[in-house]
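Peer 1: Please find run-v4.txt (compact mmCIF, C-alpha atoms and all ligand atoms) on the next line:
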# COMPACT_ATOMS: atom_id res chain seq x y z
CA THR A 1 -14.33 127.54 160.35
CA THR A 2 -10.80 128.70 161.04
CA LYS A 3 -7.98 127.71 158.73
CA ALA A 4 -4.65 126.45 160.07
CA THR A 5 -1.83 128.99 160.13
CA ALA A 6 1.31 128.57 158.04
CA PRO A 7 4.44 127.27 159.78
CA LEU A 8 7.66 129.20 160.39
CA PRO A 9 11.02 127.40 160.75
CA GLU A 10 11.50 125.97 164.25
CA GLU A 11 15.27 125.72 164.44
CA GLU A 12 16.43 128.75 162.52
CA PHE A 13 17.01 132.27 163.84
CA LEU A 14 15.81 134.72 161.18
CA ILE A 15 17.71 137.86 160.29
CA ILE A 16 15.22 140.27 158.78
CA ALA A 17 16.88 143.20 156.99
CA HIS A 18 14.78 146.13 158.21
CA ARG A 19 14.07 148.39 155.17
CA GLY A 20 17.06 146.59 153.61
CA ALA A 21 20.53 146.90 155.12
CA SER A 22 19.34 150.37 156.02
CA ALA A 23 22.35 151.31 158.14
CA TYR A 24 24.43 151.29 154.96
CA ALA A 25 22.19 152.75 152.24
CA PRO A 26 18.98 154.79 151.99
CA GLU A 27 16.14 152.71 153.44
CA HIS A 28 13.99 150.73 150.98
CA SER A 29 16.33 151.46 148.05
CA LEU A 30 17.46 148.70 145.69
CA LEU A 31 20.96 149.34 147.02
CA ALA A 32 19.82 148.75 150.62
CA TYR A 33 18.16 145.50 149.54
CA GLU A 34 21.14 144.30 147.49
CA LEU A 35 23.45 144.93 150.44
CA ALA A 36 21.09 142.92 152.66
CA VAL A 37 21.31 140.03 150.22
CA GLN A 38 25.13 140.26 150.17
CA MET A 39 25.08 140.20 153.98
CA GLN A 40 23.04 136.99 153.80
CA ALA A 41 19.96 138.31 155.53
CA ASP A 42 17.21 135.70 155.55
CA TYR A 43 14.56 138.26 154.58
CA ILE A 44 14.35 141.71 153.08
CA GLU A 45 11.74 143.82 154.86
CA LEU A 46 9.46 146.19 152.93
CA ASP A 47 6.90 148.69 154.19
CA VAL A 48 4.18 149.08 151.59
CA GLN A 49 2.09 152.14 150.82
CA GLN A 50 -0.11 153.21 147.93
CA THR A 51 0.45 156.34 145.84
CA SER A 52 -2.30 158.61 144.48
CA ASP A 53 -2.06 156.77 141.14
CA ASP A 54 -2.43 153.38 142.86
CA GLU A 55 1.14 152.18 142.68
CA LEU A 56 2.38 150.13 145.63
CA ILE A 57 5.72 151.47 146.79
CA ALA A 58 8.27 150.50 149.42
CA MET A 59 8.40 153.36 151.87
CA HIS A 60 8.12 153.79 155.62
CA ASP A 61 7.14 157.42 156.17
CA ASP A 62 3.64 158.39 155.08
CA PHE A 63 4.68 161.95 154.24
CA VAL A 64 7.56 163.75 152.57
CA ILE A 65 8.95 167.19 153.24
CA THR A 66 9.10 169.22 150.02
CA HIS A 67 9.97 172.87 149.58
CA ASN A 68 6.21 173.47 149.49
CA GLY A 69 5.80 171.86 152.90
CA LYS A 70 4.69 168.45 154.07
CA ARG A 71 2.88 166.18 151.59
CA ALA A 72 1.12 162.88 152.20
CA VAL A 73 2.52 159.98 150.16
CA SER A 74 -1.06 158.94 149.35
CA ASP A 75 -1.54 162.33 147.62
CA MET A 76 1.57 162.01 145.48
CA THR A 77 2.09 160.14 142.22
CA PHE A 78 4.71 157.44 141.87
CA GLN A 79 6.57 159.68 139.42
CA GLU A 80 6.73 162.52 141.95
CA LEU A 81 8.10 160.15 144.55
CA LYS A 82 10.61 158.67 142.11
CA ASP A 83 11.90 162.14 141.35
CA ILE A 84 12.83 162.86 144.97
CA PRO A 85 16.60 163.05 144.96
CA ARG A 86 18.20 160.82 147.55
CA SER A 87 21.69 162.17 147.71
CA THR A 88 23.46 160.09 150.22
CA THR A 89 26.05 160.30 152.90
CA PHE A 90 26.44 156.52 152.69
CA SER A 91 29.61 155.33 151.01
CA SER A 92 28.52 151.81 150.07
CA GLN A 93 29.91 150.45 146.81
CA ILE A 94 27.35 149.86 144.08
CA PRO A 95 27.27 146.08 143.48
CA VAL A 96 27.68 144.71 139.95
CA SER A 97 24.04 143.56 140.02
CA LEU A 98 22.95 147.23 140.15
CA GLU A 99 25.32 148.67 137.56
CA LYS A 100 22.55 148.86 134.96
CA VAL A 101 20.04 150.45 137.37
CA VAL A 102 19.87 154.19 136.68
CA ASP A 103 19.30 155.31 140.26
CA PRO A 104 19.69 152.53 142.84
CA LEU A 105 18.91 154.96 145.66
CA ARG A 106 15.47 156.17 144.59
CA ILE A 107 12.06 155.18 145.91
CA VAL A 108 10.90 151.98 144.18
CA SER A 109 7.63 150.20 143.64
CA THR A 110 6.96 146.70 144.94
CA GLU A 111 6.73 145.64 141.27
CA GLU A 112 10.26 146.90 140.68
CA ILE A 113 11.59 145.08 143.74
CA LEU A 114 9.81 141.82 142.87
CA SER A 115 11.04 142.08 139.26
CA HIS A 116 14.60 142.80 140.34
CA PHE A 117 14.97 140.02 142.94
CA GLY A 118 12.35 137.54 141.72
CA LYS A 119 12.63 134.22 143.49
CA ASN A 120 16.19 134.83 144.68
CA VAL A 121 15.26 136.36 148.01
CA ASN A 122 12.69 135.96 150.77
CA TYR A 123 10.27 138.82 151.34
CA TYR A 124 8.90 140.04 154.70
CA ILE A 125 6.35 142.64 153.70
CA GLU A 126 4.41 145.06 155.90
CA ILE A 127 1.07 146.50 154.90
CA LYS A 128 1.49 149.93 156.43
CA SER A 129 -1.71 151.81 155.96
CA SER A 130 -4.83 149.96 155.21
CA ASP A 131 -8.49 150.80 154.78
CA SER A 132 -11.71 148.85 154.61
CA SER A 133 -11.48 148.50 150.81
CA LEU A 134 -8.52 146.12 151.36
CA GLU A 135 -7.30 147.24 147.96
CA ILE A 136 -3.63 147.20 148.98
CA GLU A 137 -3.89 143.66 150.34
CA GLU A 138 -5.61 142.45 147.12
CA GLU A 139 -3.04 144.12 144.90
CA LEU A 140 -0.07 142.87 146.88
CA VAL A 141 -1.31 139.28 146.77
CA ARG A 142 -1.95 139.68 143.02
CA GLN A 143 1.62 140.88 142.47
CA LEU A 144 3.08 138.04 144.53
CA HIS A 145 1.14 135.54 142.41
CA ALA A 146 2.17 137.26 139.19
CA HIS A 147 5.84 136.94 140.19
CA GLY A 148 5.45 133.25 140.98
CA LEU A 149 6.02 133.83 144.70
CA LEU A 150 2.71 132.29 145.76
CA PRO A 151 1.79 129.72 146.84
CA VAL A 152 4.46 130.03 149.52
CA THR A 153 7.42 127.67 149.14
CA GLY A 154 10.32 126.64 151.33
CA ASN A 155 10.85 125.47 154.88
CA LYS A 156 12.01 129.04 155.35
CA PRO A 157 8.92 130.53 153.69
CA ASN A 158 9.72 132.74 150.69
CA VAL A 159 7.03 135.25 151.73
CA ILE A 160 5.92 136.50 155.16
CA LEU A 161 3.41 139.33 155.55
CA GLN A 162 3.05 141.61 158.58
CA SER A 163 0.77 144.37 159.77
CA PHE A 164 -0.27 146.35 162.82
CA HIS A 165 -3.88 145.96 161.60
CA PRO A 166 -5.64 142.70 162.53
CA ALA A 167 -8.30 143.25 159.84
CA SER A 168 -5.63 143.31 157.19
CA LEU A 169 -4.09 140.05 158.38
CA LYS A 170 -7.42 138.29 158.88
CA PHE A 171 -8.42 139.16 155.34
CA ILE A 172 -5.18 137.76 153.94
CA HIS A 173 -5.44 134.64 156.10
CA GLY A 174 -8.92 133.97 154.70
CA LYS A 175 -7.69 134.40 151.15
CA GLU A 176 -4.20 132.89 151.32
CA PRO A 177 -3.87 130.73 154.44
CA GLY A 178 -0.50 129.44 153.21
CA ILE A 179 1.21 132.77 153.93
CA PRO A 180 2.75 133.06 157.41
CA LEU A 181 1.50 136.28 159.02
CA ILE A 182 2.97 138.42 161.77
CA GLN A 183 0.77 140.55 164.02
CA LEU A 184 2.72 143.68 164.89
CA TYR A 185 2.31 145.49 168.21
CA SER A 186 3.27 149.09 168.79
CA GLN A 187 4.63 150.08 172.16
CA LYS A 188 1.29 151.55 173.24
CA LYS A 189 -0.49 148.24 172.57
CA GLU A 190 1.84 146.13 174.67
CA SER A 191 -0.80 145.68 177.39
CA MET A 192 -2.65 143.57 174.78
CA LEU A 193 0.05 140.90 174.97
CA THR A 194 -1.99 138.61 177.21
CA LYS A 195 -2.50 134.87 176.87
CA ARG A 196 -6.15 135.39 176.01
CA ASN A 197 -5.35 137.82 173.18
CA LEU A 198 -2.39 135.86 171.88
CA ARG A 199 -4.57 132.75 171.62
CA LYS A 200 -6.87 134.72 169.32
CA VAL A 201 -3.95 136.05 167.28
CA ALA A 202 -2.73 132.47 166.86
CA THR A 203 -5.92 131.66 164.92
CA TYR A 204 -4.69 133.75 161.95
CA ALA A 205 -1.03 134.64 162.56
CA SER A 206 2.15 132.61 162.93
CA GLY A 207 4.02 135.14 165.03
CA ILE A 208 4.16 138.56 166.63
CA GLY A 209 6.45 141.52 165.97
CA VAL A 210 7.10 143.62 169.04
CA GLU A 211 9.25 146.50 170.17
CA LYS A 212 12.46 144.98 171.61
CA SER A 213 11.83 146.56 175.04
CA ALA A 214 8.68 144.42 175.38
CA VAL A 215 10.62 141.17 175.12
CA THR A 216 10.96 139.13 178.31
CA LYS A 217 11.50 135.43 178.88
CA GLU A 218 7.85 135.28 180.00
CA LEU A 219 6.57 136.87 176.80
CA VAL A 220 8.64 134.51 174.66
CA GLU A 221 7.40 131.48 176.60
CA LEU A 222 3.80 132.66 176.55
CA SER A 223 3.95 133.28 172.80
CA HIS A 224 5.57 129.93 172.12
CA SER A 225 3.00 128.17 174.31
CA VAL A 226 0.22 129.33 171.98
CA GLY A 227 2.29 128.59 168.88
CA LEU A 228 3.43 132.11 168.00
CA HIS A 229 6.97 133.06 167.04
CA VAL A 230 8.48 136.34 168.29
CA HIS A 231 10.35 138.82 166.07
CA PRO A 232 11.42 142.01 167.90
CA TYR A 233 12.22 145.28 166.12
CA THR A 234 14.59 147.07 165.57
CA VAL A 235 17.66 145.44 167.07
CA ASN A 236 20.97 147.00 166.06
CA GLU A 237 23.37 147.05 169.00
CA GLU A 238 25.59 144.05 169.62
CA GLU A 239 24.51 143.67 173.27
CA GLU A 240 20.83 143.91 172.30
CA ILE A 241 21.20 141.34 169.55
CA GLN A 242 22.88 138.96 172.00
CA LYS A 243 20.20 139.65 174.61
CA MET A 244 17.39 138.83 172.16
CA ILE A 245 19.11 135.58 171.17
CA ASP A 246 19.49 134.68 174.85
CA LEU A 247 15.81 135.43 175.52
CA GLY A 248 14.89 132.86 172.89
CA VAL A 249 13.25 135.00 170.20
CA ASP A 250 12.93 133.47 166.74
CA GLY A 251 14.47 136.26 164.69
CA ILE A 252 15.08 140.00 164.66
CA PHE A 253 14.42 143.00 162.48
CA THR A 254 17.77 144.74 162.09
CA ASP A 255 19.38 147.54 160.08
CA VAL A 256 22.72 145.72 160.38
CA PRO A 257 22.27 142.18 159.07
CA ASP A 258 26.05 141.72 158.78
CA LYS A 259 26.52 142.38 162.50
CA ALA A 260 23.67 140.02 163.42
CA GLN A 261 25.21 137.35 161.19
CA ARG A 262 28.61 137.68 162.91
CA ILE A 263 27.05 137.35 166.35
CA LEU A 264 25.01 134.30 165.31
CA ILE A 265 28.05 132.58 163.84
CA LYS A 266 29.87 132.93 167.18
CA GLU A 267 26.95 131.29 169.02
O1 LIG A 301 7.76 145.91 160.76
C1 LIG A 301 8.42 145.81 161.97
C2 LIG A 301 8.91 147.15 162.29
O2 LIG A 301 9.56 147.60 161.14
C3 LIG A 301 7.76 148.03 162.62
O3 LIG A 301 8.15 149.32 162.75
O4 LIG A 301 7.93 151.59 161.99
O5 LIG A 301 9.98 150.30 161.40
O6 LIG A 301 7.84 149.79 160.27
P1 LIG A 301 8.48 150.29 161.53
CA CA A 302 8.18 147.72 159.04
What's the structure tokens form of this structure?

Peer 2:
Amino acid sequence: TTKATAPLPEEEFLIIAHRGASAYAPEHSLLAYELAVQMQADYIELDVQQTSDDELIAMHDDFVITHNGKRAVSDMTFQELKDIPRSTTFSSQIPVSLEKVVDPLRIVSTEEILSHFGKNVNYYIEIKSSDSSLEIEEELVRQLHAHGLLPVTGNKPNVILQSFHPASLKFIHGKEPGIPLIQLYSQKKESMLTKRNLRKVATYASGIGVEKSAVTKELVELSHSVGLHVHPYTVNEEEEIQKMIDLGVDGIFTDVPDKAQRILIKE
């Protein structure tokens, strides 16, 4: 038997701070996330990966360039990743809330982010790499429970999870049907955006995340007709943000939540 999917807000346009306010601070840093909160983003977006010592961290790239060459994140310890200096060309002020944090620019674990922000923000978390053990999914759900973030609360749900991998989302839906899920599509999978497929996606997910160039009025209408919301990524230019609003999408992933907020206010 299939379980009902969790609702997303119908009337609200969601500003999802992609890797934090990542235009203004190193992506996925506590500083980037704090700036996103200051800019009143509805969600902070995290990409999650697992280190060699089984820590879940917020990081997009699955490798780092060291002076010994390229190394896979999954072969590095959390300590090694923490030690990567992130000198910055960004000039953002350090907010008061981060004054006690030793290095607000470094790579952080999901535990650190959840401890720092607790219930004060909404999380939109991507399971980046996944394998059949579903260890990352299990651990992430455990952490969300431990921080009192599950079961999901709020008309604007406090937690949304996303993945490019259907198996990952189906597993979570079976375990925690109260969490709204977003099926991501890469550009090369856009031919899969058919009514037939979207109907299937709607059995476990509440929305889709697509490359902005894939968004048309037809796609938005088709998605809505099967009950799926549409969140394009990554929308940073003023004209693009306006275009996405006009096409009727339900929210955007953006590196510039302040700009998106200004455009929405003018609407
Ligand atoms: O999660 C939506 C979007 O962020 C997917 O692309 O590569 O930025 O994680 P990526
Ligand atoms: Ca992402």

Peer 1: As a PDB file with C-alpha atoms, in the coordinates of the input, please: the residues near Tyr43 (chain A) (cut-off 12 Å, all atoms listed in the file, same-chain neighbours under 3 positions excluded).

Peer 2:
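What landed in part.pdb:
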ATOM      1  CA  PHE A  13      17.010 132.270 163.840  1.00  0.00           C
ATOM      2  CA  LEU A  14      15.810 134.720 161.180  1.00  0.00           C
ATOM      3  CA  ILE A  15      17.710 137.860 160.290  1.00  0.00           C
ATOM      4  CA  ILE A  16      15.220 140.270 158.780  1.00  0.00           C
ATOM      5  CA  ALA A  17      16.880 143.200 156.990  1.00  0.00           C
ATOM      6  CA  HIS A  18      14.780 146.130 158.210  1.00  0.00           C
ATOM      7  CA  ARG A  19      14.070 148.390 155.170  1.00  0.00           C
ATOM      8  CA  GLY A  20      17.060 146.590 153.610  1.00  0.00           C
ATOM      9  CA  ALA A  21      20.530 146.900 155.120  1.00  0.00           C
ATOM     10  CA  TYR A  33      18.160 145.500 149.540  1.00  0.00           C
ATOM     11  CA  GLU A  34      21.140 144.300 147.490  1.00  0.00           C
ATOM     12  CA  LEU A  35      23.450 144.930 150.440  1.00  0.00           C
ATOM     13  CA  ALA A  36      21.090 142.920 152.660  1.00  0.00           C
ATOM     14  CA  VAL A  37      21.310 140.030 150.220  1.00  0.00           C
ATOM     15  CA  GLN A  38      25.130 140.260 150.170  1.00  0.00           C
ATOM     16  CA  MET A  39      25.080 140.200 153.980  1.00  0.00           C
ATOM     17  CA  GLN A  40      23.040 136.990 153.800  1.00  0.00           C
ATOM     18  CA  LEU A  46       9.460 146.190 152.930  1.00  0.00           C
ATOM     19  CA  PHE A 117      14.970 140.020 142.940  1.00  0.00           C
ATOM     20  CA  LYS A 119      12.630 134.220 143.490  1.00  0.00           C
ATOM     21  CA  ASN A 120      16.190 134.830 144.680  1.00  0.00           C
ATOM     22  CA  VAL A 121      15.260 136.360 148.010  1.00  0.00           C
ATOM     23  CA  ASN A 122      12.690 135.960 150.770  1.00  0.00           C
ATOM     24  CA  TYR A 123      10.270 138.820 151.340  1.00  0.00           C
ATOM     25  CA  TYR A 124       8.900 140.040 154.700  1.00  0.00           C
ATOM     26  CA  ILE A 125       6.350 142.640 153.700  1.00  0.00           C
ATOM     27  CA  LYS A 156      12.010 129.040 155.350  1.00  0.00           C
ATOM     28  CA  PRO A 157       8.920 130.530 153.690  1.00  0.00           C
ATOM     29  CA  ASN A 158       9.720 132.740 150.690  1.00  0.00           C
ATOM     30  CA  VAL A 159       7.030 135.250 151.730  1.00  0.00           C
ATOM     31  CA  ILE A 160       5.920 136.500 155.160  1.00  0.00           C
ATOM     32  CA  LEU A 161       3.410 139.330 155.550  1.00  0.00           C
ATOM     33  CA  GLY A 251      14.470 136.260 164.690  1.00  0.00           C
ATOM     34  CA  ILE A 252      15.080 140.000 164.660  1.00  0.00           C
ATOM     35  CA  PHE A 253      14.420 143.000 162.480  1.00  0.00           C
ATOM     36  CA  THR A 254      17.770 144.740 162.090  1.00  0.00           C
ATOM     37  CA  ASP A 255      19.380 147.540 160.080  1.00  0.00           C
ATOM     38  CA  PRO A 257      22.270 142.180 159.070  1.00  0.00           C
TER      39      PRO A 257
END

Peer 1: Once 3 Å is added on each side, what centre and edge lengths in Å to one decimal does the axis-aligned box around all listed atoms of region 111-124 of chain A have, as JSON?

Peer 2:
{"center_x": 11.5, "center_y": 140.6, "center_z": 147.0, "size_x": 15.5, "size_y": 18.7, "size_z": 21.4}

Peer 1: I'd like a table as a Markdown table: residues in region 121-153 of chain A with an atom no more than 10 Å from region 169-188 of chain A, each row giving the shortest atom pair and its distance in Å to one decimal, only C-alpha atoms counted, sorted by chain and rising residue number.

Peer 2:
| residue | atom | partner | partner_atom | distance |
| --- | --- | --- | --- | --- |
| A:Tyr124 | CA | A:Leu181 | CA | 9.4 |
| A:Ile125 | CA | A:Leu181 | CA | 9.6 |
| A:Glu126 | CA | A:Ile182 | CA | 9.0 |
| A:Ile127 | CA | A:Leu169 | CA | 9.0 |
| A:Leu134 | CA | A:Phe171 | CA | 8.0 |
| A:Glu137 | CA | A:Ile172 | CA | 7.0 |
| A:Glu138 | CA | A:Ile172 | CA | 8.3 |
| A:Val141 | CA | A:Ile172 | CA | 8.3 |
| A:Leu150 | CA | A:Ile179 | CA | 8.3 |
| A:Pro151 | CA | A:Gly178 | CA | 6.8 |
| A:Val152 | CA | A:Ile179 | CA | 6.1 |
| A:Thr153 | CA | A:Gly178 | CA | 9.1 |

Peer 1: Take CA of Lys3 (chain A) and CA of Glu139 (chain A) and report the distance between them in Å, one decimal.

Peer 2: 22.0 Å

Peer 1: Write out as a list in words the residues lying within 8 Å of Leu56 (chain A), counting only C-alpha atoms and excluding same-chain residues fewer than 2 positions away.

Peer 2: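 The contact residues come out as Val48, Gln49, Gln50, Thr51, Asp54, Ala58, Ser109, Thr110, Glu111, Ile136 and Leu140 of chain A.
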
Peer 1: Nearest residue to ligand LIG 301 (chain A) out of A:His116, A:Lys243, A:Lys128, A:Arg106, using all atoms listed in the file?

Peer 2: A:Lys128

Peer 1: Distance CA of Ser97 (chain A)-CA of Glu80 (chain A), one decimal place?

Peer 2: 25.7 Å

Peer 1: Calculated over all atoms listed in the file, which of the candidates A:Ser129, A:Ser213, A:Ser29, A:Ser168 has the smallest distance to Ile94 (chain A)?

Peer 2: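 Among A:Ser129, A:Ser213, A:Ser29, A:Ser168, it is A:Ser29 that comes nearest to Ile94 (chain A).
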
Peer 1: So how many Å separate CA of Val256 (chain A) and CA of Pro95 (chain A), to one decimal?

Peer 2: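 Computing it gives 17.5 Å between the two atoms.
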
Peer 1: Looking at A:Leu30, A:Lys212, A:Glu221, A:His67, which one is nearest to Val101 (chain A), with distances taken over all atoms listed in the file?

Peer 2: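 Residue with the minimum atom-to-atom distance to Val101 (chain A): A:Leu30.
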
Peer 1: When you count all atoms listed in the file, which of these residues is closest to ligand LIG 301 (chain A): A:Met244, A:Val220, A:Val230, A:Val210?

Peer 2: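 Ranking A:Met244, A:Val220, A:Val230, A:Val210 by distance to ligand LIG 301 (chain A), first place goes to A:Val210.
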
Peer 1: Under the rule that only C-alpha atoms and all ligand atoms are counted, which of A:Ser52, A:Ser163, A:Ser91, A:Ser206 is the nearest residue to ligand LIG 301 (chain A)?

Peer 2: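 Under the stated criterion, the closest residue is A:Ser163.
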
Peer 1: Please provide as a list in words all residues within 9 Å of region 191-198 of chain A, with the sequence filter that same-chain residues fewer than 5 positions apart are discarded (counting all atoms listed in the file).

Peer 2: Tyr185, Thr203, Ile208, Leu219, Leu222, Ser223, Val226 and Leu228 of chain A

Peer 1: Using all atoms listed in the file, which of A:His28, A:Lys217, A:Lys70, A:Arg262 sits nearest ligand LIG 301 (chain A)?

Peer 2: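 Residue with the minimum atom-to-atom distance to ligand LIG 301 (chain A): A:His28.
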
Peer 1: Extract region 12-23 of chain A from the coordinates I pasted, and write it as a PDB file, in the first residue's frame (atoms kept: N, CA and C atoms).

Peer 2:
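As a result, selection_9.pdb now contains:
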ATOM      1  N   GLU A  12       2.431  29.939  -0.776  1.00  0.00           N
ATOM      2  CA  GLU A  12       3.668  30.635  -0.468  1.00  0.00           C
ATOM      3  C   GLU A  12       4.765  30.279  -1.463  1.00  0.00           C
ATOM      4  N   PHE A  13       5.515  31.273  -1.904  1.00  0.00           N
ATOM      5  CA  PHE A  13       6.643  31.059  -2.808  1.00  0.00           C
ATOM      6  C   PHE A  13       7.897  30.875  -1.947  1.00  0.00           C
ATOM      7  N   LEU A  14       8.556  29.741  -2.074  1.00  0.00           N
ATOM      8  CA  LEU A  14       9.661  29.425  -1.161  1.00  0.00           C
ATOM      9  C   LEU A  14      11.014  29.877  -1.709  1.00  0.00           C
ATOM     10  N   ILE A  15      11.729  30.593  -0.868  1.00  0.00           N
ATOM     11  CA  ILE A  15      13.099  30.985  -1.208  1.00  0.00           C
ATOM     12  C   ILE A  15      14.037  30.026  -0.482  1.00  0.00           C
ATOM     13  N   ILE A  16      14.727  29.224  -1.271  1.00  0.00           N
ATOM     14  CA  ILE A  16      15.595  28.183  -0.721  1.00  0.00           C
ATOM     15  C   ILE A  16      17.041  28.641  -0.908  1.00  0.00           C
ATOM     16  N   ALA A  17      17.727  28.888   0.203  1.00  0.00           N
ATOM     17  CA  ALA A  17      19.090  29.431   0.129  1.00  0.00           C
ATOM     18  C   ALA A  17      20.057  28.306  -0.223  1.00  0.00           C
ATOM     19  N   HIS A  18      20.453  28.285  -1.496  1.00  0.00           N
ATOM     20  CA  HIS A  18      21.256  27.225  -2.093  1.00  0.00           C
ATOM     21  C   HIS A  18      22.667  27.203  -1.497  1.00  0.00           C
ATOM     22  N   ARG A  19      22.973  26.181  -0.720  1.00  0.00           N
ATOM     23  CA  ARG A  19      24.268  26.063   0.000  1.00  0.00           C
ATOM     24  C   ARG A  19      24.450  27.249   0.942  1.00  0.00           C
ATOM     25  N   GLY A  20      23.353  27.784   1.455  1.00  0.00           N
ATOM     26  CA  GLY A  20      23.372  29.023   2.248  1.00  0.00           C
ATOM     27  C   GLY A  20      23.260  30.206   1.307  1.00  0.00           C
ATOM     28  N   ALA A  21      23.529  31.415   1.835  1.00  0.00           N
ATOM     29  CA  ALA A  21      23.552  32.586   0.944  1.00  0.00           C
ATOM     30  C   ALA A  21      24.919  32.553   0.266  1.00  0.00           C
ATOM     31  N   SER A  22      25.076  31.596  -0.658  1.00  0.00           N
ATOM     32  CA  SER A  22      26.423  31.218  -1.105  1.00  0.00           C
ATOM     33  C   SER A  22      27.064  32.216  -2.061  1.00  0.00           C
ATOM     34  N   ALA A  23      26.317  33.258  -2.448  1.00  0.00           N
ATOM     35  CA  ALA A  23      26.957  34.329  -3.219  1.00  0.00           C
ATOM     36  C   ALA A  23      27.792  35.227  -2.315  1.00  0.00           C
TER      37      ALA A  23
END
